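Structure data follow from target-v1.txt (compact mmCIF, C-alpha atoms and all ligand atoms):
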# COMPACT_ATOMS: atom_id res chain seq x y z
CA MET A 1 -6.99 -2.38 19.44
CA SER A 2 -9.16 -5.44 19.67
CA PHE A 3 -8.02 -7.30 16.54
CA ASP A 4 -11.47 -7.62 15.08
CA PHE A 5 -12.39 -10.55 12.92
CA PRO A 6 -15.74 -10.65 11.14
CA LEU A 7 -16.49 -14.41 11.27
CA SER A 8 -17.44 -16.74 14.08
CA HIS A 9 -15.46 -19.94 14.54
CA SER A 10 -18.12 -22.04 12.83
CA GLN A 11 -18.39 -19.61 9.89
CA LEU A 12 -14.62 -19.69 9.41
CA ALA A 13 -14.52 -23.49 9.73
CA SER A 14 -17.15 -23.92 7.02
CA LEU A 15 -15.40 -21.37 4.78
CA ALA A 16 -12.15 -23.29 5.19
CA ALA A 17 -13.97 -26.50 4.30
CA GLN A 18 -15.06 -24.89 1.02
CA PHE A 19 -11.77 -23.09 0.23
CA PRO A 20 -8.69 -25.00 1.41
CA THR A 21 -6.22 -23.01 3.51
CA PRO A 22 -4.16 -20.94 3.20
CA PHE A 23 -6.23 -18.05 1.86
CA TYR A 24 -6.64 -14.33 2.34
CA LEU A 25 -9.97 -12.97 3.55
CA TYR A 26 -10.99 -9.32 3.05
CA ASP A 27 -13.97 -7.49 4.57
CA GLU A 28 -15.75 -5.26 2.04
CA ALA A 29 -17.94 -3.42 4.57
CA ALA A 30 -14.94 -2.55 6.74
CA ILE A 31 -12.90 -1.33 3.74
CA ARG A 32 -15.81 0.89 2.65
CA SER A 33 -16.21 2.25 6.14
CA THR A 34 -12.51 3.14 6.37
CA VAL A 35 -12.53 4.90 3.00
CA ARG A 36 -15.57 6.90 4.15
CA TYR A 37 -13.62 7.86 7.28
CA PHE A 38 -10.86 9.23 5.01
CA TYR A 39 -13.33 11.25 2.94
CA GLN A 40 -15.28 12.42 5.99
CA SER A 41 -12.10 13.58 7.74
CA PHE A 42 -10.80 15.49 4.70
CA SER A 43 -14.18 16.95 3.74
CA ILE A 44 -13.03 20.19 5.41
CA PHE A 45 -10.94 20.84 2.28
CA PRO A 46 -12.56 22.21 -0.86
CA LYS A 47 -11.12 19.32 -2.88
CA PHE A 48 -9.73 15.99 -1.72
CA ARG A 49 -8.92 12.65 -3.30
CA GLU A 50 -7.44 9.41 -2.00
CA TYR A 51 -5.47 7.54 -4.67
CA PHE A 52 -5.30 4.00 -3.31
CA ALA A 53 -1.76 2.62 -3.61
CA VAL A 54 -2.46 -0.30 -5.95
CA LYS A 55 0.70 -2.15 -4.89
CA ALA A 56 -0.81 -2.72 -1.44
CA LEU A 57 -3.66 -4.92 -2.71
CA PRO A 58 -3.67 -5.29 -6.48
CA ASN A 59 -7.02 -6.99 -7.04
CA PRO A 60 -9.63 -5.65 -9.49
CA TYR A 61 -12.59 -6.32 -7.17
CA ILE A 62 -10.95 -4.31 -4.41
CA LEU A 63 -10.13 -1.52 -6.87
CA LYS A 64 -13.73 -1.52 -8.09
CA ILE A 65 -14.99 -1.15 -4.50
CA LEU A 66 -12.57 1.71 -3.89
CA GLU A 67 -13.47 3.35 -7.20
CA SER A 68 -17.14 3.31 -6.21
CA GLU A 69 -16.20 5.14 -3.01
CA GLY A 70 -14.51 7.91 -5.01
CA CYS A 71 -10.89 6.76 -4.85
CA GLY A 72 -8.35 6.90 -7.61
CA GLY A 73 -5.39 4.56 -8.02
CA ASP A 74 -1.73 5.25 -7.37
CA CYS A 75 0.35 3.18 -9.80
CA SER A 76 4.04 2.63 -10.34
CA SER A 77 4.24 0.07 -13.15
CA LEU A 78 2.63 -0.95 -16.43
CA PRO A 79 0.67 -3.89 -14.97
CA GLU A 80 -0.67 -1.64 -12.20
CA LEU A 81 -1.79 0.90 -14.82
CA LEU A 82 -3.57 -1.84 -16.79
CA LEU A 83 -5.16 -3.20 -13.61
CA CYS A 84 -6.61 0.26 -12.91
CA GLU A 85 -7.85 0.56 -16.48
CA LYS A 86 -9.58 -2.84 -16.27
CA SER A 87 -11.13 -1.88 -12.93
CA GLY A 88 -12.61 1.33 -14.35
CA ILE A 89 -10.02 3.74 -12.96
CA THR A 90 -8.71 5.94 -15.77
CA GLY A 91 -7.73 9.50 -16.61
CA ARG A 92 -6.97 11.82 -13.74
CA ARG A 93 -8.15 9.18 -11.30
CA ILE A 94 -4.73 7.58 -11.83
CA MET A 95 -1.61 8.98 -10.21
CA PHE A 96 1.51 7.51 -11.80
CA THR A 97 4.22 7.79 -9.17
CA SER A 98 7.16 5.78 -10.35
CA ASN A 99 10.92 5.94 -10.22
CA ASP A 100 13.56 4.64 -12.62
CA THR A 101 10.67 4.42 -15.10
CA PRO A 102 10.89 2.68 -18.51
CA ALA A 103 9.77 4.85 -21.46
CA GLN A 104 6.95 2.47 -22.37
CA GLU A 105 5.33 2.94 -18.95
CA PHE A 106 5.25 6.72 -19.41
CA VAL A 107 3.61 6.15 -22.81
CA GLN A 108 0.90 3.96 -21.28
CA ALA A 109 0.34 6.37 -18.38
CA ALA A 110 -0.10 9.22 -20.87
CA ARG A 111 -2.44 7.09 -23.03
CA LEU A 112 -4.68 6.56 -19.98
CA GLY A 113 -4.60 10.28 -19.19
CA ALA A 114 -2.97 9.59 -15.81
CA ILE A 115 -1.35 12.33 -13.79
CA ILE A 116 2.37 11.77 -14.23
CA ASN A 117 4.47 12.44 -11.18
CA LEU A 118 8.14 12.77 -12.12
CA ASP A 119 10.84 11.47 -9.81
CA ASP A 120 13.80 13.36 -11.26
CA ILE A 121 14.64 16.50 -13.21
CA THR A 122 16.15 14.47 -16.07
CA HIS A 123 12.78 12.78 -16.51
CA ILE A 124 11.36 15.95 -18.11
CA ASP A 125 13.42 15.32 -21.26
CA PHE A 126 13.02 11.56 -20.96
CA LEU A 127 9.22 11.90 -20.80
CA LYS A 128 9.15 14.40 -23.63
CA GLU A 129 11.10 12.04 -25.86
CA ALA A 130 8.98 9.04 -24.86
CA LEU A 131 5.83 10.98 -25.81
CA GLY A 132 7.19 12.00 -29.21
CA GLY A 133 8.24 15.55 -28.39
CA THR A 134 5.42 16.95 -26.27
CA LEU A 135 4.88 17.07 -22.55
CA PRO A 136 1.48 16.34 -20.99
CA ASP A 137 -0.82 19.18 -19.99
CA THR A 138 -0.40 18.35 -16.31
CA ILE A 139 2.82 17.47 -14.50
CA CYS A 140 3.68 16.78 -10.89
CA PHE A 141 7.09 16.49 -9.24
CA ARG A 142 8.11 14.43 -6.26
CA TYR A 143 9.95 16.43 -3.65
CA ASN A 144 12.70 14.92 -1.51
CA PRO A 145 13.24 17.38 1.35
CA GLY A 146 16.51 15.68 2.34
CA PRO A 147 17.83 16.86 5.71
CA LEU A 148 15.00 19.46 5.91
CA LYS A 149 12.70 16.64 7.04
CA LYS A 150 13.99 15.54 10.41
CA GLY A 151 13.61 12.18 12.03
CA GLY A 152 13.23 9.77 9.19
CA ASN A 153 11.19 6.65 9.38
CA ALA A 154 12.02 2.98 9.87
CA ILE A 155 10.96 1.54 6.52
CA ILE A 156 11.65 4.42 4.14
CA GLY A 157 14.73 5.71 6.00
CA LYS A 158 16.08 9.24 6.16
CA PRO A 159 15.01 11.39 3.20
CA GLU A 160 18.63 12.29 2.40
CA GLU A 161 19.41 8.59 1.98
CA ALA A 162 16.29 7.86 -0.07
CA LYS A 163 16.55 7.45 -3.84
CA TYR A 164 13.28 9.27 -4.52
CA GLY A 165 12.42 12.74 -5.70
CA LEU A 166 14.07 16.05 -6.55
CA THR A 167 16.02 18.42 -4.33
CA LYS A 168 14.57 21.83 -3.64
CA PRO A 169 16.70 23.73 -6.23
CA GLN A 170 15.80 21.04 -8.78
CA MET A 171 12.10 21.42 -7.98
CA LEU A 172 12.24 25.16 -8.75
CA GLU A 173 14.14 24.60 -11.98
CA ALA A 174 11.77 21.80 -13.02
CA TYR A 175 8.63 23.95 -12.70
CA ARG A 176 10.34 26.84 -14.51
CA ARG A 177 11.33 24.62 -17.41
CA CYS A 178 7.96 22.90 -17.73
CA LYS A 179 6.18 26.24 -17.67
CA ALA A 180 8.45 27.45 -20.47
CA GLU A 181 7.64 24.23 -22.38
CA GLY A 182 3.91 25.01 -22.20
CA VAL A 183 2.77 22.68 -19.40
CA ARG A 184 -0.35 24.32 -17.94
CA HIS A 185 -1.29 22.43 -14.75
CA PHE A 186 1.02 21.52 -11.91
CA GLY A 187 1.02 19.41 -8.78
CA ILE A 188 3.51 18.76 -6.03
CA HIS A 189 4.13 15.45 -4.29
CA THR A 190 6.15 14.06 -1.45
CA MET A 191 6.24 10.79 0.45
CA VAL A 192 8.65 10.61 3.34
CA ALA A 193 7.15 8.01 5.66
CA SER A 194 6.00 4.45 5.81
CA ASN A 195 3.80 2.95 8.50
CA GLU A 196 4.02 6.15 10.55
CA LEU A 197 1.70 6.29 13.59
CA ASN A 198 2.58 9.78 14.84
CA PRO A 199 -0.26 12.01 13.56
CA ASP A 200 1.86 15.18 13.81
CA PHE A 201 4.30 13.78 11.26
CA PHE A 202 1.78 14.42 8.46
CA ALA A 203 1.06 18.07 9.21
CA ASP A 204 4.80 18.59 9.43
CA THR A 205 5.15 17.11 5.94
CA ALA A 206 2.27 19.24 4.64
CA ARG A 207 4.02 22.36 5.92
CA LEU A 208 7.16 21.53 3.88
CA VAL A 209 5.03 20.95 0.79
CA PHE A 210 2.90 24.08 1.21
CA GLU A 211 5.94 26.26 1.85
CA LEU A 212 7.56 24.94 -1.29
CA ALA A 213 4.36 25.55 -3.27
CA LEU A 214 4.55 29.20 -2.21
CA GLU A 215 8.17 29.40 -3.24
CA VAL A 216 7.34 27.85 -6.60
CA GLN A 217 4.64 30.48 -7.06
CA LYS A 218 7.02 33.32 -6.18
CA GLU A 219 10.12 32.07 -7.99
CA CYS A 220 8.58 30.40 -11.05
CA GLY A 221 5.19 32.07 -11.49
CA VAL A 222 3.57 28.64 -11.32
CA ASN A 223 0.37 28.06 -9.34
CA ILE A 224 0.33 24.57 -7.84
CA GLU A 225 -3.18 23.10 -8.23
CA PHE A 226 -2.83 19.93 -6.18
CA ALA A 227 -0.65 18.70 -3.33
CA ASP A 228 -0.19 14.96 -2.96
CA LEU A 229 1.04 14.19 0.55
CA GLY A 230 1.79 10.54 -0.28
CA GLY A 231 0.95 7.49 1.79
CA GLY A 232 2.71 6.28 4.88
CA VAL A 233 -0.16 6.41 7.36
CA GLY A 234 0.52 3.51 9.69
CA ILE A 235 -1.77 0.98 11.33
CA PRO A 236 -1.68 -0.48 14.85
CA TYR A 237 -0.16 -3.89 14.23
CA ARG A 238 0.39 -4.35 17.97
CA ALA A 239 -2.00 -4.29 20.88
CA GLY A 240 -1.80 -0.95 22.67
CA GLN A 241 -1.02 1.08 19.53
CA GLU A 242 -3.59 3.66 18.41
CA ARG A 243 -4.86 4.09 14.88
CA VAL A 244 -3.96 7.46 13.32
CA ASP A 245 -6.71 10.00 14.02
CA LEU A 246 -7.31 11.20 10.47
CA ALA A 247 -9.82 13.84 11.53
CA TYR A 248 -7.07 15.39 13.68
CA VAL A 249 -4.52 15.07 10.86
CA ALA A 250 -6.92 16.78 8.44
CA ARG A 251 -7.64 19.59 10.90
CA GLU A 252 -3.92 20.22 11.50
CA ILE A 253 -3.23 20.29 7.75
CA LYS A 254 -6.23 22.61 7.27
CA LYS A 255 -4.71 25.13 9.71
CA LEU A 256 -1.60 25.27 7.54
CA TYR A 257 -3.72 25.45 4.39
CA ASP A 258 -5.62 28.44 5.81
CA ALA A 259 -2.40 30.13 6.96
CA LEU A 260 -0.33 29.53 3.82
CA ILE A 261 -2.33 28.44 0.78
CA VAL A 262 -5.39 30.67 1.10
CA PRO A 263 -3.54 34.03 1.51
CA ALA A 264 -1.35 33.15 -1.49
CA GLY A 265 -4.45 32.86 -3.66
CA LEU A 266 -3.83 29.16 -4.30
CA ASP A 267 -7.21 28.08 -2.89
CA PRO A 268 -8.82 25.76 -3.96
CA MET A 269 -5.79 23.46 -4.03
CA GLU A 270 -6.71 19.78 -4.13
CA ILE A 271 -5.28 17.73 -1.27
CA CYS A 272 -4.41 14.16 -2.26
CA LEU A 273 -3.29 11.10 -0.36
CA GLU A 274 -1.96 7.81 -1.72
CA CYS A 275 -2.56 5.52 1.19
CA GLY A 276 -2.61 1.76 0.84
CA ARG A 277 -1.91 0.25 4.25
CA PRO A 278 -4.56 2.02 6.37
CA VAL A 279 -7.28 1.48 3.74
CA THR A 280 -7.18 -2.31 3.42
CA GLY A 281 -4.49 -3.45 5.89
CA PRO A 282 -6.66 -3.96 9.00
CA HIS A 283 -9.45 -5.49 6.91
CA GLY A 284 -7.53 -8.47 5.53
CA TRP A 285 -6.42 -11.70 7.23
CA LEU A 286 -4.28 -14.63 6.20
CA ILE A 287 -6.07 -17.81 7.24
CA THR A 288 -3.82 -20.79 7.73
CA ARG A 289 -4.09 -24.18 9.39
CA ALA A 290 -1.72 -25.80 11.88
CA ILE A 291 -0.45 -28.97 10.20
CA HIS A 292 2.42 -29.91 12.53
CA THR A 293 3.51 -29.47 16.08
CA LYS A 294 7.20 -29.90 16.76
CA SER A 295 9.10 -29.97 20.01
CA ILE A 296 12.89 -29.49 19.87
CA TYR A 297 14.78 -26.67 21.62
CA ARG A 298 11.62 -24.62 21.17
CA GLU A 299 7.99 -25.48 20.58
CA TYR A 300 6.95 -25.00 16.95
CA ILE A 301 3.60 -24.81 15.22
CA GLY A 302 4.01 -25.58 11.51
CA VAL A 303 1.30 -23.99 9.37
CA ASP A 304 0.29 -24.45 5.73
CA ALA A 305 1.08 -20.82 4.78
CA SER A 306 4.65 -19.64 4.40
CA MET A 307 6.65 -16.47 4.02
CA ALA A 308 5.88 -16.76 0.29
CA ASP A 309 2.28 -15.79 1.19
CA LEU A 310 3.19 -13.05 3.69
CA MET A 311 6.79 -11.93 3.78
CA ARG A 312 6.59 -8.98 6.19
CA PRO A 313 7.51 -10.94 9.35
CA GLY A 314 10.40 -12.76 7.68
CA MET A 315 11.66 -9.76 5.73
CA TYR A 316 11.31 -6.89 8.23
CA GLY A 317 10.72 -8.77 11.46
CA ALA A 318 7.27 -7.17 11.29
CA TYR A 319 4.77 -8.06 13.99
CA HIS A 320 1.38 -9.50 13.01
CA GLU A 321 -1.13 -10.44 15.67
CA ILE A 322 -2.17 -14.11 15.55
CA THR A 323 -5.34 -15.53 17.05
CA VAL A 324 -6.55 -19.11 17.05
CA SER A 325 -10.10 -19.48 15.79
CA GLY A 326 -12.40 -20.70 18.57
CA LYS A 327 -9.70 -20.26 21.22
CA GLU A 328 -9.89 -16.46 21.53
CA ASN A 329 -10.81 -16.67 25.20
CA GLU A 330 -8.43 -19.44 26.21
CA PRO A 331 -5.40 -18.56 28.33
CA LYS A 332 -2.15 -17.92 26.45
CA SER A 333 -0.44 -20.76 28.23
CA CYS A 334 2.09 -21.76 25.55
CA VAL A 335 5.06 -20.09 23.86
CA TYR A 336 5.53 -20.98 20.20
CA ASP A 337 7.44 -20.14 17.07
CA VAL A 338 4.84 -20.27 14.28
CA SER A 339 6.66 -21.36 11.15
CA GLY A 340 6.10 -21.91 7.44
CA SER A 341 7.71 -24.52 5.21
CA LEU A 342 10.30 -22.45 3.32
CA CYS A 343 13.92 -23.56 3.53
CA GLU A 344 14.74 -20.30 5.29
CA ASN A 345 14.84 -20.02 9.07
CA CYS A 346 13.30 -16.54 8.85
CA ASP A 347 10.08 -18.17 7.61
CA LYS A 348 8.32 -17.58 10.91
CA PHE A 349 5.06 -15.69 11.42
CA ALA A 350 5.75 -15.34 15.11
CA ILE A 351 8.76 -15.92 17.36
CA GLN A 352 8.43 -16.92 21.00
CA ARG A 353 4.80 -15.79 21.01
CA GLU A 354 2.41 -16.49 23.86
CA LEU A 355 -0.61 -18.27 22.41
CA PRO A 356 -3.27 -20.70 23.57
CA GLU A 357 -2.39 -24.36 23.22
CA ILE A 358 -2.63 -25.18 19.51
CA ALA A 359 -3.58 -28.56 18.06
CA VAL A 360 -3.02 -29.85 14.53
CA GLY A 361 -6.06 -28.79 12.50
CA ASP A 362 -6.62 -25.49 14.31
CA LEU A 363 -7.24 -22.44 12.13
CA LEU A 364 -4.87 -19.53 12.77
CA ILE A 365 -5.86 -15.98 11.85
CA ILE A 366 -2.94 -13.71 10.97
CA HIS A 367 -4.20 -10.15 11.36
CA ASP A 368 -3.59 -6.89 9.50
CA ALA A 369 -2.58 -8.70 6.32
CA GLY A 370 -4.83 -6.77 3.94
CA ALA A 371 -2.08 -4.52 2.57
CA HIS A 372 1.40 -5.49 1.40
CA GLY A 373 0.40 -9.10 2.18
CA ARG A 374 -0.53 -11.33 -0.78
CA ALA A 375 0.88 -8.56 -2.99
CA MET A 376 4.44 -9.08 -1.75
CA GLY A 377 4.27 -12.84 -2.14
CA PHE A 378 6.72 -14.79 -4.22
CA ASN A 379 7.41 -18.28 -5.58
CA TYR A 380 10.74 -19.17 -4.00
CA ASN A 381 11.02 -22.87 -3.16
CA GLY A 382 8.25 -23.48 -5.70
CA LYS A 383 5.70 -22.14 -3.26
CA LEU A 384 2.27 -21.51 -4.75
CA ARG A 385 0.63 -18.34 -3.46
CA ALA A 386 -2.69 -18.26 -1.62
CA GLY A 387 -5.96 -17.15 -3.16
CA GLU A 388 -8.18 -14.29 -1.99
CA ILE A 389 -11.75 -14.33 -0.73
CA LEU A 390 -13.96 -11.30 -0.25
CA LEU A 391 -16.58 -11.16 2.47
CA ARG A 392 -19.23 -9.06 0.72
CA SER A 393 -21.21 -6.40 2.57
CA ASP A 394 -24.27 -8.70 2.33
CA GLY A 395 -22.46 -11.50 4.18
CA SER A 396 -21.79 -13.69 1.13
CA PHE A 397 -18.34 -14.81 0.01
CA LYS A 398 -16.69 -14.33 -3.36
CA GLU A 399 -13.41 -15.85 -4.47
CA ILE A 400 -11.68 -12.83 -6.05
CA ARG A 401 -8.44 -14.64 -6.86
CA ARG A 402 -7.93 -18.38 -7.03
CA ARG A 403 -4.94 -19.98 -5.40
CA GLU A 404 -1.97 -20.65 -7.67
CA THR A 405 -1.50 -24.03 -9.31
CA VAL A 406 1.56 -25.92 -10.50
CA GLU A 407 0.53 -24.88 -14.04
CA ASP A 408 0.86 -21.21 -13.02
CA TYR A 409 4.32 -21.92 -11.65
CA PHE A 410 5.35 -23.60 -14.92
CA ALA A 411 3.64 -21.02 -17.18
CA THR A 412 6.87 -19.24 -18.13
CA LEU A 413 8.71 -22.50 -18.90
CA ASP A 414 8.70 -24.45 -22.14
CA PHE A 415 9.33 -28.14 -21.54
CA SER A 416 8.77 -29.08 -25.19
CA GLY A 417 12.24 -27.83 -26.09
CA LEU A 418 13.88 -30.34 -23.70
CA ASP A 419 13.67 -33.29 -26.12
CA ASN A 420 16.09 -31.68 -28.61
CA PHE A 421 18.23 -30.03 -25.96
CA SER A 422 21.55 -31.62 -25.13
C1 LIG B 501 4.13 2.49 -1.15
C2 LIG B 501 3.68 3.83 -1.59
C3 LIG B 501 2.44 4.32 -1.18
C4 LIG B 501 1.55 3.59 -0.21
O1 LIG B 501 2.11 3.42 1.02
P1 LIG B 501 1.24 2.81 2.24
O2 LIG B 501 2.21 2.65 3.34
O3 LIG B 501 0.68 1.51 1.77
O4 LIG B 501 0.14 3.77 2.51
C5 LIG B 501 2.04 5.53 -1.69
N1 LIG B 501 2.80 6.23 -2.55
C6 LIG B 501 4.00 5.79 -2.97
C7 LIG B 501 4.78 6.61 -3.92
C8 LIG B 501 4.48 4.58 -2.50
O5 LIG B 501 5.69 4.14 -2.90

This structure in structure tokens:
Amino acid sequence: MSFDFPLSHSQLASLAAQFPTPFYLYDEAAIRSTVRYFYQSFSIFPKFREYFAVKALPNPYILKILESEGCGGDCSSLPELLLCEKSGITGRRIMFTSNDTPAQEFVQAARLGAIINLDDITHIDFLKEALGGTLPDTICFRYNPGPLKKGGNAIIGKPEEAKYGLTKPQMLEAYRRCKAEGVRHFGIHTMVASNELNPDFFADTARLVFELALEVQKECGVNIEFADLGGGVGIPYRAGQERVDLAYVAREIKKLYDALIVPAGLDPMEICLECGRPVTGPHGWLITRAIHTKSIYREYIGVDASMADLMRPGMYGAYHEITVSGKENEPKSCVYDVSGSLCENCDKFAIQRELPEIAVGDLLIIHDAGAHGRAMGFNYNGKLRAGEILLRSDGSFKEIRRRETVEDYFATLDFSGLDNFS
């Protein structure tokens, strides 16, 4: 992994002169190329769709790009549904995978014609009531294999400890009941990993899902029409890690499809993914400037971004590669903690990291920030979140979200009431 960056030092310096740091930069051409890699790899299936996980990078310009490449959107809240609608993603191009869902969100998902993926057996009645007594034509259920799925995964944990989905007996009962209620089209969903780099993990998951689809067919007389294998495909955040070989993953899943799905007469079953991280993650960077150097018990570089812009390092201890623009070939002769300004000691983008010698004014590039980056930001300590800039395929730049202002921070407050308040 080379930690690519699309701009030269002078291009980045002039961009940063036009748009003050910190900001996020995304690479349209690279995002398109990665989506095409997904579609190319899974073209061995009769039907395939990637539903981009909107939560990873909820920006309408990004969604529009992905829509034009054939993607749908995977949503889990009302604002995400509306964002898809405004970006031209509607109907069955939306997968609504939510848990602990308010009734109003089901109503909006149904209004948009989204595929509703239920997280619990009690949600059948809840959905029916929310929709005024009828169930949608198409329903999907999220399967939690519990201890049947061995190993678990660092971020999402062991399936049997995860709050999501239905148990196997519940899955069978759910399809039976919905069939009796007149639902005509069915899907099956599971998501048991996050940031998983082992390619064999995904075929293993597909096997569980396909086997259950066969059981549903046998026990309930229901033919599953689509299988959503969730997201969770990891990216190589660290040097030396390999990106997941999707062509291999697709081939391994296809073997299971040919062995299980085809003989059961369930072909063509649509294969769906809901990946966020691998689609935009490697193609986004947080650009920040060194504004202080500090020498106490350790050497610190203070930057103008903070954990409020990118919380993964502070929250999970996640590793993000950092390079210094223009100093890519200099020796890593210094050891720094790279810190933000939050009043939290975990507000560090790197701890004891070997880097070239950094001077105040240098531009730092924090890599692999294009998914679950800006989106997870927050306003603690009155921090105003960074804006977002898109490097277009033609080499031009477009500001696709402005940075926050103090007015944004105050937008939910009403100071006019203070005069009469005692
Ligand atoms: C978070 C999430 C995704 C996307 O996960 P990535 O790691 O970004 O690919 C997909 N589906 C569901 C249900 C999720 O919660």

Query raised in the report: Near Leu246 of chain A, within 12 Å and counting all atoms listed in the file, which residues show up once chain neighbours fewer than 4 positions away are dropped, as a PyMOL selection string?
Result: chain A and resi 34-44+197-203+233-235+242+250-254+273+275+278-279

Report task. Have a look at atom CA of Pro236 of chain A and atom CA of Ser393 of chain A and let me know their distance in Å, one decimal. Result -> 23.8 Å

**Report entry** Long-range neighbours of segment 107-116 of chain A as a PyMOL selection string, 6 Å cut-off, only C-alpha atoms, 5 positions minimum in chain
**Finding:** chain A and resi 90-92+94-96+139

Query raised in the report: From the set A:Cys178, A:Leu384, A:Ala193, A:Leu15, which residue has the shortest atom-to-atom contact distance to Pro145 of chain A, counting only C-alpha atoms?
Result: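 Smallest separation from Pro145 of chain A among the options: A:Ala193.
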
**Report entry** Given only C-alpha atoms and all ligand atoms as the counted atoms, nearest of A:Glu80, A:Glu85, A:Glu274, A:Asp245 to ligand LIG 501 (chain B)
**Finding:**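 Of A:Glu80, A:Glu85, A:Glu274, A:Asp245, the one nearest ligand LIG 501 (chain B), counting only C-alpha atoms and all ligand atoms, is A:Glu274.
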
Requested in this report: Could you tell me, counting only C-alpha atoms and all ligand atoms, which protein and nucleic acid residues lie no more than 6 Å from ligand LIG 501 (chain B), written as an MDAnalysis selection string?
Outcome: chainID A and resid 53 56 97 194:195 230:233 274:277

Report task. Would you be able to write out as a list in words which residues have an atom within 9 Å of (15.3, 10.3, 0.3) in the file's coordinates, counting all atoms listed in the file? Result -> Asn144, Pro145, Gly146, Pro147, Ile156, Gly157, Lys158, Pro159, Glu160, Glu161, Ala162, Lys163, Tyr164, Gly165 and Val192 of chain A

Query raised in the report: Out of A:Tyr319, A:Tyr257, A:Trp285, A:Phe421, which residue has the shortest atom-to-atom distance to Tyr237 of chain A when counting only C-alpha atoms?
Result: A:Tyr319

Query raised in the report: In Å, with one decimal, what is the gap from atom CA of Ser14 of chain A to atom CA of His283 of chain A?
Result: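 Pair atom CA of Ser14 of chain A / atom CA of His283 of chain A returns 20.0 Å.
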
Can you sort out segment 175-186 of chain A so it carries N, CA and C atoms, written as a tab-separated table (two decimals), keeping the file's coordinate frame?
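Contents of the output file out-v9.tsv:
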chain	number	residue	atom	x	y	z
A	175	TYR	N	9.88	23.22	-12.40
A	175	TYR	CA	8.63	23.95	-12.70
A	175	TYR	C	8.88	25.05	-13.72
A	176	ARG	N	10.01	25.77	-13.56
A	176	ARG	CA	10.34	26.84	-14.51
A	176	ARG	C	10.43	26.29	-15.93
A	177	ARG	N	11.14	25.19	-16.06
A	177	ARG	CA	11.33	24.62	-17.41
A	177	ARG	C	10.02	24.13	-18.00
A	178	CYS	N	9.22	23.44	-17.19
A	178	CYS	CA	7.96	22.90	-17.73
A	178	CYS	C	7.01	24.03	-18.10
A	179	LYS	N	7.03	25.09	-17.32
A	179	LYS	CA	6.18	26.24	-17.67
A	179	LYS	C	6.61	26.80	-19.03
A	180	ALA	N	7.93	26.93	-19.21
A	180	ALA	CA	8.45	27.45	-20.47
A	180	ALA	C	8.10	26.52	-21.64
A	181	GLU	N	7.97	25.22	-21.33
A	181	GLU	CA	7.64	24.23	-22.38
A	181	GLU	C	6.14	24.18	-22.66
A	182	GLY	N	5.35	24.95	-21.91
A	182	GLY	CA	3.91	25.01	-22.20
A	182	GLY	C	3.03	24.13	-21.34
A	183	VAL	N	3.61	23.46	-20.33
A	183	VAL	CA	2.77	22.68	-19.40
A	183	VAL	C	1.88	23.67	-18.64
A	184	ARG	N	0.58	23.32	-18.47
A	184	ARG	CA	-0.35	24.32	-17.94
A	184	ARG	C	-0.81	24.05	-16.50
A	185	HIS	N	-0.78	22.76	-16.09
A	185	HIS	CA	-1.29	22.43	-14.75
A	185	HIS	C	-0.21	21.69	-13.96
A	186	PHE	N	-0.08	22.07	-12.69
A	186	PHE	CA	1.02	21.52	-11.91
A	186	PHE	C	0.57	21.01	-10.54
